[in-house]
>>> print(open('start.pdb').read())   # PDB, C-alpha atoms, pLDDT in the B column
MODEL        1
ATOM      1  CA  MET K  59     114.989  34.213-124.840  1.00 44.00           C
ATOM      2  CA  ASP K  60     117.745  33.732-127.436  1.00 50.00           C
ATOM      3  CA  THR K  61     119.539  37.034-127.905  1.00 52.00           C
ATOM      4  CA  VAL K  62     122.291  37.447-130.467  1.00 53.00           C
ATOM      5  CA  VAL K  63     125.439  39.206-129.252  1.00 54.00           C
ATOM      6  CA  HIS K  64     128.033  40.631-131.638  1.00 56.00           C
ATOM      7  CA  SER K  65     131.612  41.534-130.770  1.00 56.00           C
ATOM      8  CA  ARG K  66     132.898  45.039-131.448  1.00 65.00           C
ATOM      9  CA  ILE K  67     136.011  43.450-132.936  1.00 58.00           C
ATOM     10  CA  ASP K  68     133.940  42.385-135.941  1.00 73.00           C
ATOM     11  CA  MET K  69     132.777  45.860-136.923  1.00 82.00           C
ATOM     12  CA  SER K  70     133.808  49.405-137.777  1.00 91.00           C
ATOM     13  CA  GLU K  71     133.527  52.273-135.316  1.00 93.00           C
ATOM     14  CA  ALA K  72     130.775  53.737-137.510  1.00 95.00           C
ATOM     15  CA  GLU K  73     128.744  50.538-137.219  1.00 95.00           C
ATOM     16  CA  TRP K  74     129.173  50.432-133.442  1.00 95.00           C
ATOM     17  CA  THR K  75     128.013  54.037-133.140  1.00 95.00           C
ATOM     18  CA  ALA K  76     124.985  53.255-135.313  1.00 97.00           C
ATOM     19  CA  ARG K  77     124.237  50.241-133.111  1.00 96.00           C
ATOM     20  CA  CYS K  78     124.352  52.353-129.945  1.00 95.00           C
ATOM     21  CA  ASP K  79     122.083  54.990-131.449  1.00 97.00           C
ATOM     22  CA  LEU K  80     119.550  52.465-132.742  1.00 98.00           C
ATOM     23  CA  ALA K  81     119.490  50.599-129.433  1.00 96.00           C
ATOM     24  CA  ALA K  82     118.814  53.944-127.745  1.00 96.00           C
ATOM     25  CA  LEU K  83     115.961  54.551-130.194  1.00 98.00           C
ATOM     26  CA  TYR K  84     114.366  51.269-129.141  1.00 96.00           C
ATOM     27  CA  ARG K  85     114.630  52.292-125.475  1.00 96.00           C
ATOM     28  CA  ILE K  86     113.082  55.685-126.280  1.00 96.00           C
ATOM     29  CA  THR K  87     110.265  54.003-128.205  1.00 97.00           C
ATOM     30  CA  ASP K  88     109.599  51.838-125.166  1.00 95.00           C
ATOM     31  CA  HIS K  89     109.688  54.892-122.875  1.00 95.00           C
ATOM     32  CA  PHE K  90     107.095  56.677-125.036  1.00 97.00           C
ATOM     33  CA  GLY K  91     104.793  53.651-124.856  1.00 96.00           C
ATOM     34  CA  TRP K  92     104.843  52.988-128.591  1.00 97.00           C
ATOM     35  CA  THR K  93     105.655  49.276-128.345  1.00 95.00           C
ATOM     36  CA  ASP K  94     103.540  46.311-129.417  1.00 93.00           C
ATOM     37  CA  THR K  95     105.367  43.696-127.289  1.00 93.00           C
ATOM     38  CA  ILE K  96     107.951  42.198-129.680  1.00 91.00           C
ATOM     39  CA  ASP K  97     106.308  43.470-132.867  1.00 91.00           C
ATOM     40  CA  THR K  98     107.083  46.623-134.893  1.00 93.00           C
ATOM     41  CA  HIS K  99     110.618  47.603-135.691  1.00 94.00           C
ATOM     42  CA  MET K 100     113.095  50.399-136.264  1.00 97.00           C
ATOM     43  CA  SER K 101     116.208  50.253-138.410  1.00 98.00           C
ATOM     44  CA  VAL K 102     119.245  52.288-139.390  1.00 98.00           C
ATOM     45  CA  ARG K 103     121.418  52.067-142.479  1.00 98.00           C
ATOM     46  CA  ILE K 104     125.068  51.395-141.613  1.00 97.00           C
ATOM     47  CA  PRO K 105     127.350  54.318-142.555  1.00 96.00           C
ATOM     48  CA  GLY K 106     129.759  53.312-145.281  1.00 95.00           C
ATOM     49  CA  GLU K 107     127.704  50.205-146.105  1.00 95.00           C
ATOM     50  CA  PRO K 108     124.660  51.523-147.999  1.00 94.00           C
ATOM     51  CA  ASN K 109     123.331  48.037-148.752  1.00 96.00           C
ATOM     52  CA  CYS K 110     123.277  46.992-145.086  1.00 97.00           C
ATOM     53  CA  PHE K 111     121.087  47.974-142.166  1.00 97.00           C
ATOM     54  CA  LEU K 112     120.553  47.086-138.521  1.00 97.00           C
ATOM     55  CA  ILE K 113     117.268  45.892-137.046  1.00 96.00           C
ATOM     56  CA  ASN K 114     116.068  44.283-133.830  1.00 95.00           C
ATOM     57  CA  ASN K 115     116.579  40.615-133.057  1.00 93.00           C
ATOM     58  CA  TYR K 116     113.024  39.298-133.373  1.00 92.00           C
ATOM     59  CA  GLY K 117     111.784  38.201-129.974  1.00 92.00           C
ATOM     60  CA  ASP K 118     113.594  40.825-127.894  1.00 93.00           C
ATOM     61  CA  LEU K 119     111.471  43.323-125.988  1.00 94.00           C
ATOM     62  CA  PHE K 120     112.420  46.898-126.777  1.00 94.00           C
ATOM     63  CA  ASP K 121     113.731  47.557-123.263  1.00 93.00           C
ATOM     64  CA  GLU K 122     116.025  44.531-123.622  1.00 93.00           C
ATOM     65  CA  ILE K 123     117.700  45.607-126.864  1.00 94.00           C
ATOM     66  CA  THR K 124     121.373  46.523-126.747  1.00 94.00           C
ATOM     67  CA  ALA K 125     123.893  47.620-129.363  1.00 94.00           C
ATOM     68  CA  SER K 126     125.388  44.141-129.650  1.00 92.00           C
ATOM     69  CA  SER K 127     122.034  42.340-129.905  1.00 93.00           C
ATOM     70  CA  LEU K 128     120.954  44.080-133.114  1.00 95.00           C
ATOM     71  CA  VAL K 129     120.904  42.082-136.336  1.00 95.00           C
ATOM     72  CA  LYS K 130     122.909  43.171-139.375  1.00 95.00           C
ATOM     73  CA  MET K 131     121.422  42.288-142.750  1.00 94.00           C
ATOM     74  CA  ASP K 132     121.557  43.459-146.333  1.00 95.00           C
ATOM     75  CA  LEU K 133     118.872  44.558-148.763  1.00 95.00           C
ATOM     76  CA  ASP K 134     118.681  41.040-150.224  1.00 94.00           C
ATOM     77  CA  GLY K 135     117.867  39.499-146.850  1.00 92.00           C
ATOM     78  CA  LYS K 136     121.267  38.060-145.986  1.00 92.00           C
ATOM     79  CA  VAL K 137     121.982  38.062-142.240  1.00 92.00           C
ATOM     80  CA  TYR K 138     125.589  38.715-141.213  1.00 89.00           C
ATOM     81  CA  GLY K 139     126.648  36.476-138.352  1.00 78.00           C
ATOM     82  CA  LYS K 140     125.528  32.954-137.533  1.00 66.00           C
ATOM     83  CA  ASP K 141     122.858  34.038-135.047  1.00 70.00           C
ATOM     84  CA  GLY K 142     119.979  36.470-135.070  1.00 72.00           C
ATOM     85  CA  ARG K 143     116.373  36.437-136.198  1.00 80.00           C
ATOM     86  CA  PHE K 144     114.416  39.085-138.031  1.00 84.00           C
ATOM     87  CA  ASN K 145     110.731  39.717-138.593  1.00 82.00           C
ATOM     88  CA  ALA K 146     109.912  38.870-142.231  1.00 86.00           C
ATOM     89  CA  ALA K 147     107.437  41.752-142.514  1.00 86.00           C
ATOM     90  CA  GLY K 148     110.087  44.001-140.991  1.00 88.00           C
ATOM     91  CA  PHE K 149     112.545  43.068-143.724  1.00 89.00           C
ATOM     92  CA  THR K 150     109.915  43.813-146.377  1.00 91.00           C
ATOM     93  CA  ILE K 151     109.203  47.236-144.935  1.00 92.00           C
ATOM     94  CA  HIS K 152     112.726  48.418-144.245  1.00 94.00           C
ATOM     95  CA  SER K 153     114.435  46.999-147.322  1.00 95.00           C
ATOM     96  CA  GLY K 154     111.653  48.422-149.499  1.00 94.00           C
ATOM     97  CA  VAL K 155     112.237  51.929-148.163  1.00 96.00           C
ATOM     98  CA  TYR K 156     116.040  51.764-148.329  1.00 97.00           C
ATOM     99  CA  LYS K 157     116.009  50.456-151.890  1.00 96.00           C
ATOM    100  CA  ALA K 158     113.740  53.268-153.059  1.00 97.00           C
ATOM    101  CA  ARG K 159     115.243  56.031-150.937  1.00 97.00           C
ATOM    102  CA  PRO K 160     119.069  56.257-151.052  1.00 97.00           C
ATOM    103  CA  ASP K 161     118.779  59.356-148.839  1.00 97.00           C
ATOM    104  CA  ALA K 162     116.990  57.423-146.074  1.00 98.00           C
ATOM    105  CA  ASN K 163     119.113  56.272-143.148  1.00 98.00           C
ATOM    106  CA  CYS K 164     116.473  55.495-140.520  1.00 98.00           C
ATOM    107  CA  VAL K 165     112.995  53.963-140.666  1.00 98.00           C
ATOM    108  CA  MET K 166     110.537  53.690-137.769  1.00 98.00           C
ATOM    109  CA  HIS K 167     107.344  51.621-137.754  1.00 97.00           C
ATOM    110  CA  THR K 168     104.721  51.522-134.982  1.00 97.00           C
ATOM    111  CA  HIS K 169     101.329  49.987-134.166  1.00 97.00           C
ATOM    112  CA  THR K 170     100.129  52.483-131.557  1.00 97.00           C
ATOM    113  CA  ARG K 171      96.434  52.662-130.730  1.00 97.00           C
ATOM    114  CA  ALA K 172      96.070  56.200-132.031  1.00 98.00           C
ATOM    115  CA  GLY K 173      98.122  55.536-135.159  1.00 98.00           C
ATOM    116  CA  THR K 174      96.357  52.301-135.992  1.00 97.00           C
ATOM    117  CA  GLY K 175      93.008  53.918-135.214  1.00 97.00           C
ATOM    118  CA  VAL K 176      93.622  56.698-137.710  1.00 98.00           C
ATOM    119  CA  SER K 177      94.945  54.195-140.253  1.00 97.00           C
ATOM    120  CA  VAL K 178      91.483  52.618-140.594  1.00 97.00           C
ATOM    121  CA  LEU K 179      89.775  55.944-141.344  1.00 97.00           C
ATOM    122  CA  LYS K 180      89.023  56.860-144.943  1.00 93.00           C
ATOM    123  CA  LYS K 181      89.851  60.550-144.427  1.00 92.00           C
ATOM    124  CA  GLY K 182      92.797  60.057-142.094  1.00 96.00           C
ATOM    125  CA  ILE K 183      94.520  63.060-140.577  1.00 98.00           C
ATOM    126  CA  ARG K 184      92.924  66.481-141.093  1.00 97.00           C
ATOM    127  CA  PRO K 185      94.795  69.826-140.745  1.00 97.00           C
ATOM    128  CA  ILE K 186      93.030  70.637-137.481  1.00 97.00           C
ATOM    129  CA  SER K 187      95.925  70.955-135.022  1.00 97.00           C
ATOM    130  CA  GLN K 188      99.400  72.398-134.758  1.00 96.00           C
ATOM    131  CA  ASP K 189     100.708  68.851-134.390  1.00 97.00           C
ATOM    132  CA  ALA K 190      99.079  67.820-137.658  1.00 98.00           C
ATOM    133  CA  LEU K 191     100.515  70.833-139.478  1.00 97.00           C
ATOM    134  CA  SER K 192     104.019  69.687-138.513  1.00 96.00           C
ATOM    135  CA  VAL K 193     103.663  66.665-140.814  1.00 97.00           C
ATOM    136  CA  TYR K 194     100.682  67.478-143.034  1.00 97.00           C
ATOM    137  CA  ASP K 195     102.715  68.689-146.031  1.00 97.00           C
ATOM    138  CA  ASP K 196     104.897  65.559-145.816  1.00 97.00           C
ATOM    139  CA  LEU K 197     102.073  63.077-145.213  1.00 98.00           C
ATOM    140  CA  VAL K 198     101.338  60.135-147.513  1.00 98.00           C
ATOM    141  CA  TYR K 199      99.054  57.107-147.278  1.00 98.00           C
ATOM    142  CA  HIS K 200      99.958  53.557-148.234  1.00 96.00           C
ATOM    143  CA  GLU K 201      97.267  51.012-149.081  1.00 94.00           C
ATOM    144  CA  TYR K 202      97.382  47.757-147.164  1.00 93.00           C
ATOM    145  CA  GLY K 203      99.166  44.912-148.936  1.00 85.00           C
ATOM    146  CA  MET K 204     100.550  41.474-148.094  1.00 84.00           C
ATOM    147  CA  PRO K 205     103.335  42.332-145.600  1.00 77.00           C
ATOM    148  CA  THR K 206     105.971  39.798-146.665  1.00 78.00           C
ATOM    149  CA  SER K 207     105.541  39.900-150.448  1.00 88.00           C
ATOM    150  CA  ASP K 208     107.954  41.298-153.021  1.00 87.00           C
ATOM    151  CA  GLU K 209     105.082  43.343-154.430  1.00 89.00           C
ATOM    152  CA  GLU K 210     104.533  45.040-151.080  1.00 87.00           C
ATOM    153  CA  CYS K 211     108.253  45.747-150.749  1.00 89.00           C
ATOM    154  CA  GLU K 212     108.247  47.622-154.056  1.00 93.00           C
ATOM    155  CA  ALA K 213     104.898  49.319-153.421  1.00 93.00           C
ATOM    156  CA  LEU K 214     105.969  50.692-150.052  1.00 93.00           C
ATOM    157  CA  GLY K 215     109.192  52.011-151.535  1.00 95.00           C
ATOM    158  CA  ALA K 216     107.187  53.828-154.194  1.00 96.00           C
ATOM    159  CA  THR K 217     104.873  55.346-151.567  1.00 96.00           C
ATOM    160  CA  CYS K 218     107.790  56.594-149.482  1.00 97.00           C
ATOM    161  CA  GLN K 219     109.169  58.485-152.464  1.00 96.00           C
ATOM    162  CA  GLY K 220     106.228  60.841-151.957  1.00 97.00           C
ATOM    163  CA  GLY K 221     106.680  61.640-148.264  1.00 97.00           C
ATOM    164  CA  ASN K 222     108.412  60.815-145.009  1.00 98.00           C
ATOM    165  CA  SER K 223     105.413  60.618-142.662  1.00 98.00           C
ATOM    166  CA  VAL K 224     103.386  57.594-143.703  1.00 98.00           C
ATOM    167  CA  VAL K 225     100.027  56.262-142.593  1.00 98.00           C
ATOM    168  CA  LEU K 226      99.980  52.564-143.444  1.00 96.00           C
ATOM    169  CA  ARG K 227      96.274  52.038-144.011  1.00 96.00           C
ATOM    170  CA  ASN K 228      94.673  49.417-141.756  1.00 96.00           C
ATOM    171  CA  HIS K 229      98.071  48.878-140.172  1.00 95.00           C
ATOM    172  CA  GLY K 230      99.950  51.678-138.381  1.00 97.00           C
ATOM    173  CA  LEU K 231     102.513  54.430-138.878  1.00 98.00           C
ATOM    174  CA  LEU K 232     105.929  54.768-140.479  1.00 97.00           C
ATOM    175  CA  THR K 233     108.465  57.579-140.664  1.00 98.00           C
ATOM    176  CA  VAL K 234     111.626  58.000-142.706  1.00 98.00           C
ATOM    177  CA  GLY K 235     114.605  60.164-141.857  1.00 98.00           C
ATOM    178  CA  ALA K 236     118.079  61.036-143.061  1.00 98.00           C
ATOM    179  CA  THR K 237     119.024  60.666-139.398  1.00 98.00           C
ATOM    180  CA  ILE K 238     117.687  58.841-136.344  1.00 98.00           C
ATOM    181  CA  PRO K 239     116.734  62.113-134.597  1.00 98.00           C
ATOM    182  CA  GLY K 240     114.867  63.229-137.724  1.00 98.00           C
ATOM    183  CA  ALA K 241     112.871  60.009-137.986  1.00 98.00           C
ATOM    184  CA  LEU K 242     112.065  60.132-134.270  1.00 98.00           C
ATOM    185  CA  ARG K 243     110.871  63.737-134.396  1.00 98.00           C
ATOM    186  CA  ARG K 244     108.621  62.957-137.352  1.00 98.00           C
ATOM    187  CA  MET K 245     107.171  59.960-135.538  1.00 98.00           C
ATOM    188  CA  TYR K 246     106.537  61.984-132.392  1.00 98.00           C
ATOM    189  CA  MET K 247     104.612  64.649-134.297  1.00 98.00           C
ATOM    190  CA  LEU K 248     102.769  62.081-136.441  1.00 98.00           C
ATOM    191  CA  GLU K 249     101.716  60.181-133.344  1.00 98.00           C
ATOM    192  CA  ARG K 250     100.571  63.411-131.670  1.00 98.00           C
ATOM    193  CA  ALA K 251      98.564  64.322-134.774  1.00 98.00           C
ATOM    194  CA  CYS K 252      96.859  60.933-134.638  1.00 98.00           C
ATOM    195  CA  GLU K 253      96.085  61.270-130.934  1.00 98.00           C
ATOM    196  CA  VAL K 254      94.443  64.661-131.478  1.00 98.00           C
ATOM    197  CA  GLU K 255      92.526  63.313-134.490  1.00 97.00           C
ATOM    198  CA  VAL K 256      91.148  60.396-132.474  1.00 97.00           C
ATOM    199  CA  ILE K 257      90.133  62.712-129.622  1.00 97.00           C
ATOM    200  CA  ALA K 258      88.514  65.213-131.990  1.00 97.00           C
ATOM    201  CA  ARG K 259      86.446  62.511-133.671  1.00 96.00           C
ATOM    202  CA  SER K 260      85.132  61.373-130.307  1.00 95.00           C
ATOM    203  CA  LEU K 261      83.636  64.801-129.534  1.00 95.00           C
ATOM    204  CA  ASP K 262      80.153  65.871-130.559  1.00 92.00           C
ATOM    205  CA  GLU K 263      81.346  68.990-132.335  1.00 95.00           C
ATOM    206  CA  GLU K 264      83.114  69.860-135.564  1.00 94.00           C
ATOM    207  CA  PRO K 265      86.757  70.901-135.051  1.00 96.00           C
ATOM    208  CA  ALA K 266      87.670  74.551-135.402  1.00 95.00           C
ATOM    209  CA  PRO K 267      89.109  75.067-138.894  1.00 94.00           C
ATOM    210  CA  ILE K 268      92.566  76.464-139.592  1.00 97.00           C
ATOM    211  CA  ASP K 269      92.771  78.960-142.426  1.00 98.00           C
ATOM    212  CA  PRO K 270      94.129  77.226-145.573  1.00 97.00           C
ATOM    213  CA  ASP K 271      96.718  79.978-146.046  1.00 98.00           C
ATOM    214  CA  VAL K 272      98.013  79.361-142.519  1.00 98.00           C
ATOM    215  CA  VAL K 273      98.203  75.628-143.305  1.00 97.00           C
ATOM    216  CA  ARG K 274     100.262  76.460-146.389  1.00 97.00           C
ATOM    217  CA  GLN K 275     102.589  78.843-144.559  1.00 97.00           C
ATOM    218  CA  TYR K 276     103.102  76.376-141.714  1.00 97.00           C
ATOM    219  CA  GLY K 277     103.983  73.695-144.239  1.00 97.00           C
ATOM    220  CA  GLU K 278     106.622  75.928-145.816  1.00 97.00           C
ATOM    221  CA  ARG K 279     108.186  76.588-142.437  1.00 97.00           C
ATOM    222  CA  ALA K 280     108.033  72.905-141.506  1.00 96.00           C
ATOM    223  CA  ARG K 281     109.865  71.954-144.707  1.00 96.00           C
ATOM    224  CA  GLN K 282     112.621  74.442-143.905  1.00 96.00           C
ATOM    225  CA  MET K 283     112.995  73.015-140.405  1.00 96.00           C
ATOM    226  CA  ARG K 284     113.155  69.424-141.669  1.00 95.00           C
ATOM    227  CA  ALA K 285     115.779  70.355-144.260  1.00 95.00           C
ATOM    228  CA  ASN K 286     118.171  71.321-141.465  1.00 96.00           C
ATOM    229  CA  PRO K 287     120.677  68.467-140.831  1.00 95.00           C
ATOM    230  CA  GLU K 288     120.172  69.128-137.105  1.00 97.00           C
ATOM    231  CA  TYR K 289     116.427  68.534-137.335  1.00 97.00           C
ATOM    232  CA  GLY K 290     115.260  66.638-134.272  1.00 98.00           C
ATOM    233  CA  VAL K 291     118.627  66.623-132.471  1.00 98.00           C
ATOM    234  CA  THR K 292     117.489  68.751-129.509  1.00 98.00           C
ATOM    235  CA  TYR K 293     114.498  66.466-128.972  1.00 97.00           C
ATOM    236  CA  TRP K 294     116.701  63.388-129.398  1.00 98.00           C
ATOM    237  CA  ASN K 295     119.062  64.586-126.696  1.00 97.00           C
ATOM    238  CA  ALA K 296     116.128  65.272-124.371  1.00 97.00           C
ATOM    239  CA  ALA K 297     114.733  61.786-124.986  1.00 96.00           C
ATOM    240  CA  LEU K 298     118.156  60.276-124.293  1.00 95.00           C
ATOM    241  CA  ARG K 299     118.194  61.991-120.922  1.00 93.00           C
ATOM    242  CA  GLN K 300     114.797  60.489-120.169  1.00 93.00           C
ATOM    243  CA  VAL K 301     115.942  56.916-120.790  1.00 93.00           C
ATOM    244  CA  GLN K 302     119.313  57.482-119.157  1.00 89.00           C
ATOM    245  CA  GLY K 303     117.427  58.579-116.057  1.00 79.00           C
ATOM    246  CA  LYS K 304     116.003  55.068-115.832  1.00 80.00           C
ATOM    247  CA  GLY K 305     119.485  53.670-115.350  1.00 73.00           C
ATOM    248  CA  THR K 306     119.302  51.502-118.459  1.00 73.00           C
ATOM    249  CA  ASP K 307     122.427  50.673-120.431  1.00 81.00           C
ATOM    250  CA  TRP K 308     122.031  49.872-124.122  1.00 86.00           C
ATOM    251  CA  ARG K 309     125.695  50.432-125.030  1.00 78.00           C
ATOM    252  CA  GLN K 310     126.775  46.836-124.624  1.00 77.00           C
TER     253      GLN K 310
ENDMDL
END
>>> encode(input="start.pdb", output="structure tokens")
Amino acid sequence: MDTVVHSRIDMSEAEWTARCDLAALYRITDHFGWTDTIDTHMSVRIPGEPNCFLINNYGDLFDEITASSLVKMDLDGKVYGKDGRFNAAGFTIHSGVYKARPDANCVMHTHTRAGTGVSVLKKGIRPISQDALSVYDDLVYHEYGMPTSDEECEALGATCQGGNSVVLRNHGLLTVGATIPGALRRMYMLERACEVEVIARSLDEEPAPIDPDVVRQYGERARQMRANPEYGVTYWNAALRQVQGKGTDWRQ
């Protein structure tokens, strides 16, 4: 395995902190079982460098990723440093979101079984569970397109202007956040909503309905919670403790 390693001398303190946090996110994603071997990807925009973001070195398993192994690239596809590989579809997805959403600082993309299963359904996620209500008001669907094309880059950016919890039809899931904890919390609830949806569809009974007014009220409360800059931080800290308990070190 060829893993790129960057020196801290070559970067700002803000970039190093972002690298440590993103590497931790990859370890958390692995811990939650959301990986697809070396495929799927998470990224973070570098503070102070709005046209640059960090992403995984393509080929690294998520439990191998460290702060120094992440690849720095800009929205035009330029890679900073002589080494490092990136997934072409990953560049399309992440650059498309960052170009369209100046407020976005973290993007997560997964191919979980539940998420991909729901992505092939015409009706998608229904407001049938508390988990679903956590994202339902912020949920959008993106039609499948050629992953590495310029057209798909622009189309995905346009879709993400409508919501931060995205079902990529026939593909998987994507979440957008102003922070890493925010994007992670959205993904956790979106994944849970998909798991419940898949289970409910496997049962020989219609799901119990939730009153539409309750759905509306829950959505209002969820929007207030997500507007808090600290959204997801408590859950992020808990997830960090889970991966730290494994004795893994991503801060290198």
>>> resolve_selection(input="start.pdb", expression="the PyMOL selection byres ((chain K and resi 163) around 6)", output="ChimeraX atom specification")
/K:102-103,162,164,236-237
>>> atom_distance(input="start.pdb", atom1="atom CA of Asp307 of chain K", atom2="atom CA of Gly230 of chain K")
28.8 Å
>>> closest_residue(input="start.pdb", among="K:Asp269, K:Asp79, K:Asp121, K:Glu249", to="Ser192 of chain K", atoms="all atoms listed in the file")
K:Glu249
>>> axis_aligned_box(input="start.pdb", around="segment 100-110 of chain K", padding_each_side="6 Å", output="JSON")
{"center_x": 121.4, "center_y": 50.7, "center_z": -142.5, "size_x": 28.7, "size_y": 19.3, "size_z": 24.5}
>>> resolve_selection(input="start.pdb", expression="the PyMOL selection byres ((chain K and resi 268) around 12)", output="short mmCIF file (atom, residue, chain, number, x, y, z; two decimals) with C-alpha atoms, keeping the file's coordinate frame")
data_model
loop_
_atom_site.label_atom_id
_atom_site.label_comp_id
_atom_site.auth_asym_id
_atom_site.auth_seq_id
_atom_site.Cartn_x
_atom_site.Cartn_y
_atom_site.Cartn_z
CA ARG K 184 92.92 66.48 -141.09
CA PRO K 185 94.80 69.83 -140.74
CA ILE K 186 93.03 70.64 -137.48
CA SER K 187 95.92 70.96 -135.02
CA GLN K 188 99.40 72.40 -134.76
CA ALA K 190 99.08 67.82 -137.66
CA LEU K 191 100.52 70.83 -139.48
CA PRO K 265 86.76 70.90 -135.05
CA ALA K 266 87.67 74.55 -135.40
CA PRO K 267 89.11 75.07 -138.89
CA ASP K 269 92.77 78.96 -142.43
CA PRO K 270 94.13 77.23 -145.57
CA ASP K 271 96.72 79.98 -146.05
CA VAL K 272 98.01 79.36 -142.52
CA VAL K 273 98.20 75.63 -143.30
CA ARG K 274 100.26 76.46 -146.39
CA GLN K 275 102.59 78.84 -144.56
CA TYR K 276 103.10 76.38 -141.71
#
